[in-house]
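Visitor: Structure in structure tokens, see below.
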Amino acid sequence: MENKAIYPGSFDPITNGHVDIVERGLKVFDRILVAVLENPKKDPLFSTKERVTMIRKIFQGRKEIEIKSFHGLLVEFAEANGSGTVIRGLRAISDFEYEFQMALMNRKLAPRMETLFMMPSLKFSFLSSNLVKEVFMLGGNVRDLVPGLVEAKMREKLPKRGRIQI
Ligand code: PNS
């Protein structure tokens with residue numbers, strides 16, 4: 001039987017750090033389901049449809065990577081999609097408390113569900129979608145931080161950006 005992991009997140013937008021975790025996940029699992037949270041709490045920059053479309057384009061032609069949006073409980077969505085393992089990227093100690101709480105809550109809800117934490121490449125360990133958005137809005141360069149098509153979409157969405165004061 002195929003071993004499928006679910007990789008959930010807001011992905012607003014997907015960064016190179018997320019892409020790195022998907023590729024690492026595929027060293028351990030046959031398939032990865034990237035699960036995009038619909039309507040995250042924070043006001044998203046990209047709609048669910050836009051986030052899913054971008055991620056599908058990034059992984060185009062990769063049959064081992066599936067992309068779907070979800071709402072409601074993650075563990076229910078994972079079970080309905082035949083996955084018993086949640087993958088999460090762990091960048092720094094500051095991520096730990098939030099991730100620990102989520103993993104144990106998910107275990108309480110679905111005792112058979114396991115959470116596997118993976119470390120991104122060191123070069124992405126400072127990266128977050130929120131920081132990428134902030135840097136971009138202030139006129140900074142995000143070229144090495146997000147896939148090219150994400151940067152292009154950010155330019156479309158936020159044509160009027162600030163300038164960095166030197
Ligand atoms: O990228 P994010 O915003 O850190 O991802 C958070 C996510 C999507 C993994 C989390 O918010 C989630 O799983 N939401 C679904 C609702 C749920 O199942 N909540 C209870 C478990 S904590």
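All residue names refer to the structure tokens as shown: chains lettered A, B, ... in order, residues numbered from 1 in each chain, ligands numbered from 1 in order.
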With 9 Å as the cut-off and only C-alpha atoms and all ligand atoms counted, what is the closest atom pair between each nearby residue of chain A and ligand 1? Distances in Å to one decimal, ordered by chain and number, as CSV.
Guide:
```
residue,atom,partner,partner_atom_place_in_ligand_line,distance
A:Tyr7,CA,ligand 1,9 (C),8.0
A:Pro8,CA,ligand 1,9 (C),4.9
A:Gly9,CA,ligand 1,1 (O),3.4
A:Ser10,CA,ligand 1,1 (O),4.0
A:Phe11,CA,ligand 1,1 (O),5.8
A:Asp12,CA,ligand 1,1 (O),7.9
A:Ala35,CA,ligand 1,8 (C),7.8
A:Val36,CA,ligand 1,8 (C),6.9
A:Leu37,CA,ligand 1,8 (C),5.1
A:Glu38,CA,ligand 1,8 (C),8.5
A:Pro40,CA,ligand 1,3 (O),6.9
A:Lys41,CA,ligand 1,11 (O),8.4
A:Lys42,CA,ligand 1,3 (O),8.8
A:Phe70,CA,ligand 1,15 (C),8.0
A:His71,CA,ligand 1,15 (C),6.6
A:Gly72,CA,ligand 1,16 (C),5.4
A:Leu73,CA,ligand 1,18 (O),3.4
A:Leu74,CA,ligand 1,18 (O),3.8
A:Val75,CA,ligand 1,18 (O),6.1
A:Glu76,CA,ligand 1,18 (O),7.8
A:Phe77,CA,ligand 1,18 (O),8.5
A:Val86,CA,ligand 1,9 (C),9.0
A:Arg88,CA,ligand 1,9 (C),7.9
A:Tyr98,CA,ligand 1,4 (O),8.5
A:Glu99,CA,ligand 1,4 (O),8.3
A:Gln101,CA,ligand 1,22 (S),7.0
A:Met102,CA,ligand 1,22 (S),4.0
A:Ala103,CA,ligand 1,22 (S),6.9
A:Leu104,CA,ligand 1,22 (S),8.1
A:Met105,CA,ligand 1,22 (S),5.5
A:Asn106,CA,ligand 1,21 (C),5.2
A:Arg107,CA,ligand 1,21 (C),9.0
A:Leu109,CA,ligand 1,21 (C),8.1
A:Ser129,CA,ligand 1,1 (O),8.4
```
Visitor: From a backbone DSSP assignment, name each residue in stretch 83-159 of chain A labelled alpha helix (DSSP H), as a ChimeraX atom specification.
Guide: /A:93-109,129-137,148-157
Visitor: May I have the residues within 9 Å of A:Glu64 as a CSV table (one decimal) with N, CA, C and O atoms, in the first residue's frame, using only C-alpha atoms and disregarding those fewer than 4 positions away in the same chain?
Guide:
```
chain,number,residue,atom,x,y,z
A,26,LEU,N,9.1,13.6,0.6
A,26,LEU,CA,9.1,12.5,-0.4
A,26,LEU,C,10.3,11.6,-0.3
A,26,LEU,O,10.3,10.5,-1.0
A,30,ASP,N,5.7,7.9,-0.1
A,30,ASP,CA,5.5,7.7,-1.6
A,30,ASP,C,4.8,8.9,-2.1
A,30,ASP,O,5.0,9.3,-3.3
A,31,ARG,N,3.8,9.4,-1.4
A,31,ARG,CA,3.0,10.6,-1.8
A,31,ARG,C,2.8,11.6,-0.8
A,31,ARG,O,2.8,11.3,0.4
A,32,ILE,N,2.7,12.9,-1.2
A,32,ILE,CA,2.4,13.9,-0.2
A,32,ILE,C,1.2,14.7,-0.7
A,32,ILE,O,1.0,15.0,-1.9
A,33,LEU,N,0.2,14.9,0.2
A,33,LEU,CA,-0.9,15.7,-0.1
A,33,LEU,C,-0.7,17.0,0.6
A,33,LEU,O,-0.7,17.1,1.8
```
Visitor: Tell me which protein, DNA and RNA residues are within 12 Å of A:Lys133, counting only C-alpha atoms, leaving out same-chain ones fewer than 6 positions away, and put them as an MDAnalysis selection string.
Guide: chainID A and resid 11:15 44:46 127 139:142 145:146 150:151 153:155 157:158 161
Visitor: So which residues touch A:Asn3 within 10 Å, counting only C-alpha atoms, skipping near sequence neighbours fewer than 2 positions away, as an MDAnalysis selection string?
Guide: chainID A and resid 1 5 28:32 82:85
Visitor: Considering only strand (DSSP E) as DSSP defines it on the backbone, what residues of chain A qualify? List them as a PyMOL selection string.
Guide: chain A and resi 4-9+31-37+65-70+85-89+114-118
